[in-house]
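Have a look at work12.txt; it's compact mmCIF, C-alpha atoms:
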```txt
# COMPACT_ATOMS: atom_id res chain seq x y z
CA MET A 1 0.00 0.00 0.00
CA THR A 2 2.84 2.32 0.78
CA LYS A 3 4.44 1.83 -2.63
CA LYS A 4 1.20 2.41 -4.48
CA GLY A 5 0.50 5.52 -2.45
CA SER A 6 3.95 6.89 -3.13
CA MET A 7 3.71 6.17 -6.86
CA LYS A 8 0.50 8.07 -7.49
CA PRO A 9 1.80 11.57 -6.67
CA GLY A 10 4.86 10.91 -8.84
CA LYS A 11 2.69 9.98 -11.82
CA LYS A 12 0.54 13.00 -11.29
CA ASN A 13 3.51 15.38 -11.24
CA LYS A 14 4.98 13.69 -14.29
CA ALA A 15 1.73 14.16 -16.18
CA GLU A 16 1.66 17.86 -15.30
CA GLU A 17 5.23 18.52 -16.54
CA PRO A 18 5.84 19.17 -20.27
CA GLU A 19 6.95 16.13 -22.21
CA LEU A 20 10.63 16.80 -22.95
CA GLU A 21 12.33 13.55 -23.85
CA PRO A 22 16.10 13.38 -24.39
CA LEU A 23 17.12 13.93 -28.01
CA CYS A 24 19.80 12.06 -29.89
CA CYS A 25 22.49 13.92 -31.84
CA CYS A 26 20.45 13.97 -35.07
CA GLU A 27 17.03 14.84 -33.62
CA TYR A 28 15.58 18.24 -32.90
CA LEU A 29 12.33 20.03 -32.17
CA ASP A 30 11.16 21.94 -35.23
CA ARG A 31 9.39 25.30 -35.23
CA ASN A 32 6.06 23.53 -34.68
CA GLY A 33 7.31 21.75 -31.57
CA LYS A 34 7.43 18.31 -33.21
CA LYS A 35 10.38 15.95 -33.04
CA ASN A 36 12.20 15.76 -36.37
CA HIS A 37 15.38 14.26 -37.83
CA VAL A 38 18.12 15.87 -39.93
CA ALA A 39 17.78 13.10 -42.53
CA ALA A 40 14.22 14.29 -43.23
CA CYS A 41 15.28 17.82 -44.19
CA LEU A 42 13.93 17.42 -47.74
CA CYS A 43 10.59 15.86 -46.76
CA ASP A 44 7.25 17.68 -46.62
CA CYS A 45 8.53 20.92 -48.19
CA GLN A 46 5.09 22.25 -49.12
CA ASP A 47 6.07 25.91 -48.91
CA LEU A 48 9.13 25.35 -51.10
CA ASP A 49 7.14 23.27 -53.61
CA GLU A 50 4.47 25.93 -53.84
CA GLY A 51 7.06 28.68 -54.38
CA CYS A 52 8.87 26.67 -57.10
CA ASP A 53 5.60 25.89 -58.87
CA ARG A 54 4.62 29.55 -58.96
CA TRP A 55 8.11 30.56 -60.12
CA ILE A 56 8.11 27.98 -62.95
CA THR A 57 4.65 29.04 -64.11
CA CYS A 58 5.73 32.72 -64.03
CA LYS A 59 3.32 33.61 -61.26
CA SER A 60 4.10 36.15 -58.59
CA VAL A 61 5.24 34.82 -55.23
CA GLN A 62 3.84 36.61 -52.21
CA PRO A 63 6.28 38.01 -49.61
CA GLU A 64 4.63 35.80 -46.98
CA THR A 65 5.56 32.75 -49.07
CA TYR A 66 9.19 33.89 -49.21
CA GLU A 67 9.21 34.28 -45.43
CA ARG A 68 7.75 30.79 -44.91
CA ILE A 69 10.31 29.29 -47.30
CA MET A 70 13.21 30.99 -45.51
CA ASP A 71 11.82 29.96 -42.12
CA THR A 72 11.56 26.34 -43.29
CA ILE A 73 15.10 26.32 -44.69
CA SER A 74 16.61 27.95 -41.62
CA ASP A 75 14.72 25.58 -39.32
CA ARG A 76 15.90 22.42 -41.14
CA LEU A 77 19.49 23.43 -41.86
CA ARG A 78 21.15 21.72 -38.90
CA ILE A 79 24.21 19.73 -37.94
CA PRO A 80 24.31 16.78 -35.49
CA TRP A 81 25.26 17.79 -31.97
CA LEU A 82 25.14 16.47 -28.43
CA ARG A 83 21.63 16.52 -26.89
CA GLY A 84 20.01 17.54 -30.18
CA ALA A 85 20.95 18.84 -33.62
CA ARG A 86 22.02 22.49 -33.71
CA LYS A 87 20.66 25.00 -36.18
CA VAL A 88 23.09 26.54 -38.69
CA ASN A 89 22.35 30.21 -39.16
CA ILE A 90 22.01 30.95 -42.88
CA SER A 91 23.20 34.53 -42.42
CA LEU A 92 26.69 33.18 -41.61
CA LEU A 93 27.24 31.78 -45.10
CA PRO A 94 26.89 34.65 -47.66
CA PRO A 95 30.01 36.60 -46.58
CA LEU A 96 32.15 33.45 -46.77
CA PHE A 97 31.38 33.02 -50.47
CA LEU A 98 30.41 36.44 -51.79
CA LEU A 99 33.17 38.63 -50.33
CA PRO A 100 36.14 36.89 -52.08
CA VAL A 101 34.19 36.73 -55.34
CA PHE A 102 33.24 40.42 -55.27
CA LEU A 103 36.74 41.59 -54.37
CA ARG A 104 38.40 39.48 -57.06
CA VAL A 105 35.91 40.65 -59.69
CA ALA A 106 36.53 44.25 -58.61
CA SER A 107 40.26 43.69 -59.22
CA TRP A 108 39.77 43.03 -62.94
CA HIS A 109 39.22 46.65 -63.94
CA PHE A 110 38.97 50.10 -62.43
CA PHE A 111 35.30 50.58 -63.37
CA LEU A 112 34.37 47.16 -62.02
CA GLY A 113 36.07 48.15 -58.77
CA VAL A 114 34.04 51.35 -58.58
CA VAL A 115 30.75 49.49 -59.17
CA VAL A 116 31.46 46.66 -56.72
CA LEU A 117 32.87 48.82 -53.93
CA THR A 118 29.91 51.20 -54.28
CA SER A 119 27.30 48.44 -54.28
CA LEU A 120 28.70 46.57 -51.26
CA PRO A 121 27.80 49.28 -48.69
CA VAL A 122 24.40 49.73 -50.34
CA LEU A 123 23.65 46.01 -50.07
CA ALA A 124 24.85 45.94 -46.47
CA LEU A 125 22.63 48.90 -45.55
CA TRP A 126 19.65 47.32 -47.32
CA TYR A 127 20.11 44.08 -45.40
CA TYR A 128 20.53 46.02 -42.15
CA TYR A 129 17.26 47.91 -42.58
CA LEU A 130 15.51 44.69 -43.63
CA THR A 131 16.54 42.84 -40.47
CA HIS A 132 16.14 45.92 -38.26
CA ARG A 133 12.58 46.40 -39.46
CA ARG A 134 11.72 42.80 -38.64
CA LYS A 135 13.49 43.04 -35.25
CA GLU A 136 15.49 39.89 -35.92
CA GLN A 137 18.92 38.82 -34.78
CA THR A 138 21.40 38.17 -37.57
CA LEU A 139 24.96 36.86 -37.66
CA PHE A 140 25.55 38.33 -41.13
CA PHE A 141 27.48 41.40 -39.97
CA LEU A 142 29.48 39.51 -37.35
CA SER A 143 30.38 36.93 -39.99
CA LEU A 144 31.20 39.70 -42.48
CA GLY A 145 33.44 41.49 -39.99
CA LEU A 146 35.36 38.42 -38.85
CA PHE A 147 35.77 37.02 -42.35
CA SER A 148 36.86 40.43 -43.66
CA LEU A 149 39.59 40.54 -41.02
CA GLY A 150 40.73 37.04 -41.89
CA TYR A 151 40.62 37.58 -45.65
CA MET A 152 42.45 40.92 -45.50
CA TYR A 153 45.16 39.29 -43.40
CA TYR A 154 45.34 36.37 -45.85
CA VAL A 155 45.76 38.71 -48.85
CA PHE A 156 48.41 40.64 -46.93
CA LEU A 157 50.40 37.46 -46.26
CA GLN A 158 50.01 36.13 -49.80
CA GLU A 159 50.44 39.28 -51.89
CA VAL A 160 52.21 41.96 -49.82
CA VAL A 161 54.68 40.19 -47.53
CA PRO A 162 56.45 38.23 -50.34
CA ARG A 163 57.51 41.52 -51.99
CA GLY A 164 60.05 42.03 -49.24
CA ARG A 165 59.16 45.54 -48.09
CA VAL A 166 57.43 44.40 -44.88
CA GLY A 167 59.84 43.40 -42.10
CA PRO A 168 59.28 40.81 -39.36
CA THR A 169 58.68 43.52 -36.75
CA GLN A 170 55.99 45.19 -38.85
CA LEU A 171 54.31 41.85 -39.52
CA ALA A 172 54.43 41.01 -35.81
CA LEU A 173 52.82 44.36 -34.91
CA LEU A 174 50.04 43.82 -37.44
CA THR A 175 49.45 40.28 -36.16
CA CYS A 176 49.31 41.47 -32.55
CA GLY A 177 46.78 44.12 -33.56
CA LEU A 178 44.61 41.48 -35.20
CA LEU A 179 44.75 39.28 -32.09
CA LEU A 180 43.86 42.25 -29.88
CA ILE A 181 40.83 42.96 -32.08
CA LEU A 182 39.63 39.37 -31.69
CA LEU A 183 40.22 39.49 -27.93
CA ALA A 184 38.29 42.76 -27.55
CA LEU A 185 35.44 41.40 -29.71
CA TRP A 186 35.29 38.27 -27.57
CA ARG A 187 35.02 40.41 -24.46
CA ALA A 188 32.41 42.67 -26.08
CA LYS A 189 30.35 39.61 -27.02
CA LYS A 190 30.03 38.59 -23.39
CA ASP A 191 27.18 39.61 -21.10
CA PRO A 192 26.48 43.33 -21.67
CA GLY A 193 24.60 43.53 -18.36
CA TYR A 194 21.46 41.48 -18.85
CA LEU A 195 18.72 41.74 -16.24
CA ARG A 196 17.30 38.26 -15.79
CA ASN A 197 14.44 36.91 -13.75
CA PRO A 198 15.68 33.86 -11.78
CA ALA A 199 12.25 32.26 -12.07
CA ASN A 200 12.64 31.90 -15.85
CA ASP A 201 15.87 29.83 -15.91
CA ASP A 202 15.66 26.51 -17.80
CA ARG A 203 19.08 24.99 -17.32
CA SER A 204 18.09 21.34 -17.54
CA LEU A 205 16.83 21.53 -21.12
CA SER A 206 18.75 20.59 -24.25
CA GLY A 207 19.70 23.09 -26.93
CA SER A 208 16.80 22.28 -29.27
CA GLN A 209 14.28 22.20 -26.41
CA THR A 210 15.42 25.55 -25.04
CA GLU A 211 15.38 26.96 -28.58
CA TYR A 212 11.76 25.87 -29.02
CA LEU A 213 10.70 27.30 -25.66
CA ASN A 214 12.43 30.59 -26.42
CA ARG A 215 10.68 30.72 -29.79
CA THR A 216 7.25 30.18 -28.27
CA GLY A 217 8.07 32.62 -25.46
CA PRO A 218 6.77 32.83 -21.91
CA GLU A 219 3.17 33.47 -21.11
CA LYS A 220 2.38 37.15 -21.31
CA PRO A 221 0.88 38.81 -18.25
CA LYS A 222 -2.70 39.88 -18.77
CA GLY A 223 -4.37 43.00 -17.53
CA PHE A 224 -1.22 44.84 -16.47
CA PRO A 225 -1.69 48.60 -16.55
CA GLY A 226 0.38 50.35 -19.17
CA ALA A 227 1.89 47.16 -20.61
CA ASP A 228 2.96 47.44 -24.22
CA PRO A 229 1.89 44.37 -26.22
CA ALA A 230 4.71 44.94 -28.70
CA GLY A 231 7.32 44.78 -25.98
CA GLY A 232 8.01 48.49 -26.07
CA LEU A 233 8.95 50.67 -23.16
CA ASN A 234 6.43 52.25 -20.87
CA ASN A 235 6.68 55.94 -20.09
CA ARG A 236 8.28 56.33 -16.71
CA GLY A 237 5.78 57.97 -14.44
CA PRO A 238 3.92 57.43 -11.18
CA LYS A 239 0.74 56.32 -12.94
CA ASP A 240 2.58 53.48 -14.71
CA GLU A 241 4.17 52.02 -11.60
CA PRO A 242 2.80 48.62 -10.62
CA LYS A 243 1.73 48.22 -7.03
CA GLY A 244 2.32 44.88 -5.44
CA CYS A 245 3.40 43.23 -8.70
CA PRO A 246 5.50 40.04 -8.41
CA GLY A 247 8.45 41.52 -10.30
CA THR A 248 12.09 41.09 -9.53
CA LEU A 249 13.87 44.22 -8.40
CA ALA A 250 17.12 44.09 -10.37
CA GLY A 251 19.53 46.49 -8.74
CA SER A 252 17.30 49.55 -8.80
CA PRO A 253 17.67 52.28 -6.19
CA ALA A 254 15.60 52.08 -3.05
CA THR A 255 14.08 55.48 -3.73
CA GLY A 256 12.74 56.97 -6.91
CA LYS A 257 10.58 55.77 -9.73
CA GLU A 258 11.13 52.32 -11.20
CA ASP A 259 10.07 50.90 -14.53
CA TRP A 260 8.26 47.61 -14.96
CA CYS A 261 9.08 45.52 -18.05
CA ALA A 262 6.09 43.44 -19.09
CA LYS A 263 8.22 41.23 -21.33
CA CYS A 264 10.93 40.29 -18.83
CA ARG A 265 8.55 40.61 -15.85
CA LEU A 266 10.96 42.53 -13.67
CA VAL A 267 11.56 46.06 -12.43
CA ARG A 268 14.32 47.89 -14.27
CA PRO A 269 16.79 50.32 -12.69
CA ALA A 270 17.44 53.74 -14.15
CA ARG A 271 18.88 53.84 -17.71
CA ALA A 272 18.05 50.17 -18.33
CA TRP A 273 16.04 49.38 -21.46
CA HIS A 274 14.46 46.38 -23.09
CA CYS A 275 16.07 45.26 -26.35
CA ARG A 276 13.37 43.97 -28.67
CA ILE A 277 15.97 42.14 -30.77
CA CYS A 278 17.65 40.26 -27.91
CA GLY A 279 14.41 40.05 -25.93
CA VAL A 280 16.17 40.98 -22.65
CA CYS A 281 16.53 44.10 -20.53
CA VAL A 282 20.08 45.52 -20.37
CA ARG A 283 21.66 47.75 -17.75
CA ARG A 284 22.58 51.18 -19.11
CA MET A 285 21.80 50.02 -22.62
CA ASP A 286 23.49 52.09 -25.33
CA HIS A 287 22.33 50.32 -28.50
CA HIS A 288 22.09 46.94 -30.18
CA CYS A 289 25.17 46.51 -32.35
CA VAL A 290 24.78 44.28 -35.39
CA TRP A 291 28.56 43.95 -35.76
CA ILE A 292 28.77 41.91 -32.56
CA ASN A 293 25.17 40.64 -32.68
CA SER A 294 24.66 41.78 -29.11
CA CYS A 295 23.69 44.80 -27.08
CA VAL A 296 26.21 47.34 -25.86
CA GLY A 297 25.53 47.95 -22.20
CA GLU A 298 27.09 48.58 -18.83
CA SER A 299 29.31 45.49 -18.76
CA ASN A 300 30.74 45.53 -22.30
CA HIS A 301 30.74 49.19 -23.36
CA GLN A 302 34.44 49.60 -22.53
CA ALA A 303 35.39 46.47 -24.49
CA PHE A 304 33.31 47.72 -27.43
CA MET A 305 35.20 51.02 -27.48
CA LEU A 306 38.51 49.19 -27.17
CA ALA A 307 37.62 46.95 -30.12
CA LEU A 308 36.78 50.01 -32.26
CA LEU A 309 40.00 51.79 -31.30
CA VAL A 310 42.27 48.79 -31.93
CA PHE A 311 40.48 48.04 -35.21
CA LEU A 312 41.01 51.58 -36.50
CA LEU A 313 44.69 51.67 -35.50
CA THR A 314 45.42 48.23 -36.95
CA SER A 315 43.55 48.97 -40.17
CA VAL A 316 45.38 52.27 -40.72
CA TYR A 317 48.69 50.49 -40.13
CA GLY A 318 47.84 47.66 -42.53
CA VAL A 319 46.65 50.06 -45.24
CA THR A 320 49.83 52.10 -44.85
CA LEU A 321 52.06 49.04 -45.22
CA THR A 322 50.13 47.85 -48.29
CA LEU A 323 50.16 51.17 -50.12
CA ASP A 324 53.82 51.65 -49.30
CA THR A 325 54.50 48.29 -50.96
CA ILE A 326 52.44 48.55 -54.16
CA CYS A 327 53.05 52.31 -54.73
CA THR A 328 56.61 52.82 -53.62
CA ASP A 329 57.25 56.27 -55.09
CA ARG A 330 54.22 58.07 -53.62
CA SER A 331 52.94 59.06 -50.23
CA VAL A 332 50.20 57.02 -48.62
CA PHE A 333 47.46 59.62 -49.10
CA THR A 334 48.43 60.26 -52.71
CA ALA A 335 48.70 56.55 -53.53
CA LEU A 336 45.19 55.98 -52.19
CA PHE A 337 43.72 58.19 -54.93
CA TYR A 338 46.38 58.01 -57.63
CA CYS A 339 48.52 54.93 -58.15
CA PRO A 340 49.27 54.57 -61.90
CA GLY A 341 49.82 51.10 -63.27
CA VAL A 342 48.26 49.36 -60.30
CA TYR A 343 45.76 47.48 -62.53
CA ALA A 344 48.51 46.26 -64.85
CA ASN A 345 49.30 43.49 -62.37
CA TYR A 346 46.45 41.40 -60.93
CA SER A 347 48.24 40.97 -57.58
CA SER A 348 48.66 44.73 -57.16
CA ALA A 349 45.07 45.31 -58.29
CA LEU A 350 43.77 42.86 -55.67
CA CYS A 351 45.80 44.57 -52.95
CA PHE A 352 44.57 48.00 -54.07
CA THR A 353 40.95 46.80 -54.08
CA CYS A 354 41.33 45.35 -50.59
CA VAL A 355 42.82 48.65 -49.43
CA TRP A 356 39.77 50.58 -50.63
CA TYR A 357 37.45 47.98 -49.11
CA SER A 358 39.25 48.43 -45.79
CA VAL A 359 39.02 52.22 -46.09
CA ILE A 360 35.24 52.02 -46.59
CA ILE A 361 34.86 49.82 -43.51
CA MET A 362 37.20 52.12 -41.57
CA GLY A 363 35.05 55.13 -42.48
CA GLY A 364 31.93 53.50 -41.03
CA MET A 365 33.71 52.37 -37.88
CA ALA A 366 35.32 55.81 -37.43
CA TYR A 367 31.88 57.44 -37.54
CA ILE A 368 30.57 55.02 -34.89
CA PHE A 369 33.67 55.65 -32.76
CA LEU A 370 33.24 59.44 -33.05
CA ILE A 371 29.58 59.27 -32.01
CA GLN A 372 30.49 57.08 -29.06
CA LEU A 373 33.20 59.51 -27.93
CA ILE A 374 30.72 62.40 -28.07
CA ASN A 375 28.04 60.47 -26.18
CA ILE A 376 30.47 59.41 -23.46
CA SER A 377 31.69 63.00 -23.09
CA TYR A 378 28.09 64.14 -22.49
CA ASN A 379 27.18 61.01 -20.45
CA VAL A 380 24.33 60.02 -22.72
CA THR A 381 23.56 56.70 -24.40
CA GLU A 382 22.46 56.25 -27.99
CA ARG A 383 19.09 55.00 -26.76
CA GLU A 384 18.61 58.19 -24.73
CA VAL A 385 19.66 60.29 -27.74
CA GLN A 386 17.02 58.69 -29.95
CA GLN A 387 14.36 59.17 -27.29
CA ALA A 388 15.34 62.82 -26.79
CA LEU A 389 15.15 63.46 -30.55
CA ARG A 390 11.68 61.90 -30.75
CA GLN A 391 10.39 63.84 -27.77
CA LYS A 392 12.34 67.00 -28.73
CA THR A 393 13.79 67.31 -25.24
CA GLY A 394 17.52 67.34 -26.07
CA ARG A 395 19.79 70.22 -26.97
CA ARG A 396 21.27 69.76 -30.47
CA LEU A 397 24.73 71.06 -31.31
CA LEU A 398 26.89 70.94 -34.48
CA CYS A 399 23.94 70.22 -36.83
CA GLY A 400 22.65 67.42 -34.64
CA LEU A 401 25.96 65.58 -34.28
CA ILE A 402 25.86 66.32 -30.53
CA VAL A 403 22.68 65.78 -28.52
CA ASP A 404 22.84 66.79 -24.86
CA THR A 405 19.90 65.64 -22.77
CA GLY A 406 21.35 67.35 -19.68
CA GLN A 407 19.98 64.64 -17.42
CA TYR A 408 23.19 62.80 -16.52
CA ASN A 409 25.82 65.28 -17.73
CA ARG A 410 28.18 66.09 -14.84
CA GLY A 411 31.07 67.55 -16.81
CA PHE A 412 33.66 66.12 -19.16
CA LEU A 413 36.04 64.65 -16.59
CA ARG A 414 33.35 63.19 -14.32
CA ASN A 415 31.55 61.69 -17.29
CA TRP A 416 34.69 59.89 -18.46
CA HIS A 417 35.48 58.82 -14.91
CA GLN A 418 32.06 57.25 -14.64
CA PHE A 419 32.54 55.47 -17.98
CA SER A 420 35.95 54.14 -16.90
CA THR A 421 34.37 52.58 -13.81
CA LEU A 422 31.40 50.94 -15.55
CA GLY A 423 30.82 47.39 -14.36
CA THR A 424 33.25 47.63 -11.44
CA HIS A 425 30.91 48.97 -8.78
CA PRO A 426 27.41 50.47 -8.81
CA PHE A 427 27.41 54.15 -9.57
CA HIS A 428 25.33 56.22 -7.14
CA HIS A 429 23.33 58.73 -9.09
CA PRO A 430 22.16 61.97 -7.53
CA ALA A 431 18.51 62.10 -6.51
CA GLU A 432 17.50 64.05 -9.62
CA ASP A 433 19.02 61.37 -11.87
CA ILE A 434 16.78 58.58 -10.62
CA VAL A 435 13.81 58.17 -12.95
```

As C-alpha cells - that is how I would like this structure written.
Amino acid sequence: MTKKGSMKPGKKNKAEEPELEPLCCCEYLDRNGKKNHVAACLCDCQDLDEGCDRWITCKSVQPETYERIMDTISDRLRIPWLRGARKVNISLLPPLFLLPVFLRVASWHFFLGVVVLTSLPVLALWYYYLTHRRKEQTLFFLSLGLFSLGYMYYVFLQEVVPRGRVGPTQLALLTCGLLLILLALWRAKKDPGYLRNPANDDRSLSGSQTEYLNRTGPEKPKGFPGADPAGGLNNRGPKDEPKGCPGTLAGSPATGKEDWCAKCRLVRPARAWHCRICGVCVRRMDHHCVWINSCVGESNHQAFMLALLVFLLTSVYGVTLTLDTICTDRSVFTALFYCPGVYANYSSALCFTCVWYSVIIMGGMAYIFLIQLINISYNVTEREVQQALRQKTGRRLLCGLIVDTGQYNRGFLRNWHQFSTLGTHPFHHPAEDIV
C-alpha cells in the first residue's frame, strides 16, 4: 500500500510537466514543436514546392511565401550535436562566399572596382534595414566582420609580404593588432549587463528544447496597466508604476521611480532598457550593435570602445604598409587616390581593391567611434539620444551631431570617470538622476 501511495503523486507530477524527452544527436524540435530528424530535411517541403511551382509558371510569389520558405530552410538546416541537432544560421554563409568573389571581380578593372565597392555598402545597408525592421537577430554582420579581417590578413600574407618591403617587426605588430581585435570582440560579445528573472531559468533543457521554448516565449501577463503588447517601453511615471506586482527588483535604487518591463517581468533600474531584438533588458543600454550581434551595455561598453580603437589603428597600419608596398614612389594619401599602373598586375590590383574595401569599412567604424566619444563626453547613451530626438527634449549642437539631454551630464572629466568605472561597482546617481 505504501508503494502504491507513493507512486500516485509521482505519476501526477509527471503528467503535469511538459513532455521533454532526451534527443539524440540527429534529432531536434522543429518550429512547430514536433520531433524531427536531420535526414528528413527534404521531406514535406510544401512551402518550397508551392514557391517553385509559382516561379516555374511565371506567377508572382507573395512576400509571406518567401518568409515561410526561408523559415523552413533555416529551421531544417542543422548539424548533429550532443543533446540535439544544432541549427546553422544561414546569415553566416553569404560573406564566406560572396566577399572573395566580389573583391576578385573588382580587381579586374577600375570601373568594375568602382561598381562593386559602391554596391557593397548599399547592399549591407539594405540588409541592415531589412533585419532591423523585422526586429530579428542576424549573424551576417558579425560573420562579415570576422571574415573580412581574416581575408584581409590572408591577402596581406600572400600578396604583400612576399615583396620584401614588410619586415618581421611590422608583420608582428600587425598580427598582434589582429589578435587584440579578436580578444576585444570576444570580451564585447560577453554579457552586456542582462537583467534576468531567476524564475525563468531553464538549465536542464537541451539546446533544441530551449530553442523551441524561447521561440514560443513565456506566457504574457494579462491585464497589467500600461503594458505594451509589442514589448516596447512604458513611459516612466507614477501612474505606470505597478503596485504589489510580483516583479524582480534588479539592482534599482531604493528610492525613486522604477520601470516595470512586461516582457521580462521585472523592475528595471534607471537607464536600463528592453532590447526587442535580444528580448532581454540591459543595464545602461546604449544600443544593439549588429557587428557583434549583441547589445552594448554597462558590462561591455568599454570592451566595445577598445575593439573600435584597436580596429582603426590596426587597419590604418595595414593600409599604410600595403600602399607603401604597391606604390613605392608616392605618399600614402596620394597613392590611395592616384597609383598609376596598379591594374597592370592582378596581384597589385587585388591589394589596391582590398585597401579601398578596408578604407570604406574604416570610415563606417570611425563614424561610430566618433559618435560614441561624443556620447560618453556628455554622459548620454544612444538609446537616450534617440528618445530625446523623438520627444524634442535634447539640446542639439553641431547640426545634430551632438545631442545633450542634460539629465546625466556632470562635466567632461566626471563623465569619463564614470565610464571608466562601468561594471566595477554600482554608480550612485544623484537624486535628480533617478527616474

Practice task
Please measure the separation of CA of His109 (chain A) and CA of Arg163 (chain A), giving the value in Å to one decimal.
Solution key: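 Taking CA of His109 (chain A) and CA of Arg163 (chain A), their separation equals 22.4 Å.
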
Exercise for the section: Kindly give the distance, in Å, that separates CA of Ser347 (chain A) and CA of Glu159 (chain A), rounded to a single decimal. Expected result: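 Separating CA of Ser347 (chain A) from CA of Glu159 (chain A) is a distance of 6.3 Å.
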
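Compared by their closest atoms to Leu117 (chain A), and using all atoms listed in the file, the residues A:Val359, A:Leu313, A:Ile374, A:Leu171 rank with A:Val359 nearest.
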
Handout entry: Among listed residues A:Ser331, A:Thr175, A:Leu350, A:Pro192, nearest Val280 (chain A) (using all atoms listed in the file)
Key =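 The answer is A:Pro192, which sits nearest to Val280 (chain A).
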
Practice task
Work out how far apart CA of Trp416 (chain A) and CA of Glu384 (chain A) are and give it in Å to one decimal.
Solution key: 17.3 Å

Exercise for the section: Pick out the closest residue to Gln386 (chain A) from this set: A:Val296, A:Leu82, A:Asp286, A:Pro100. Count only C-alpha atoms. Expected result: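 Selected residue with least distance to Gln386 (chain A): A:Asp286.
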
Handout entry: Long-range neighbours of Val355 (chain A) as number ranges by chain, 8 Å cut-off, all atoms listed in the file, 6 positions minimum in chain
Key = A: 319, 322-323

Dump as a PDB file, in the coordinates of the input, selection limited to C-alpha atoms:
```pdb
ATOM      1  CA  VAL A 319      46.650  50.060 -45.240  1.00  0.00           C
ATOM      2  CA  THR A 322      50.130  47.850 -48.290  1.00  0.00           C
ATOM      3  CA  LEU A 323      50.160  51.170 -50.120  1.00  0.00           C
TER       4      LEU A 323
END
```

Practice task
Measuring atom to atom with all atoms listed in the file, identify which of A:Lys190, A:Arg196, A:Lys34, A:Arg414 is nearest to Gln302 (chain A).
Solution key: A:Lys190

Practice task
Tell me which of A:Ser60, A:Tyr128, A:Ala188, A:Val101 sits closest to Ala303 (chain A), counting all atoms listed in the file.
Solution key: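 Closest residue, counting all atoms listed in the file: A:Ala188.
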
Handout entry: Proximity to Val282 (chain A) - best of A:Tyr194, A:Phe304, A:Phe352, A:Phe369, only C-alpha atoms
Key =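 Under the stated criterion, the closest residue is A:Tyr194.
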
Practice task
Select all residues near (26.1, 67.2, -15.6) (cut-off 12 Å, inclusive, file coordinates), counting only C-alpha atoms, and output them as a PyMOL selection string.
Solution key: chain A and resi 376-380+404-416+418+429-430+432-433
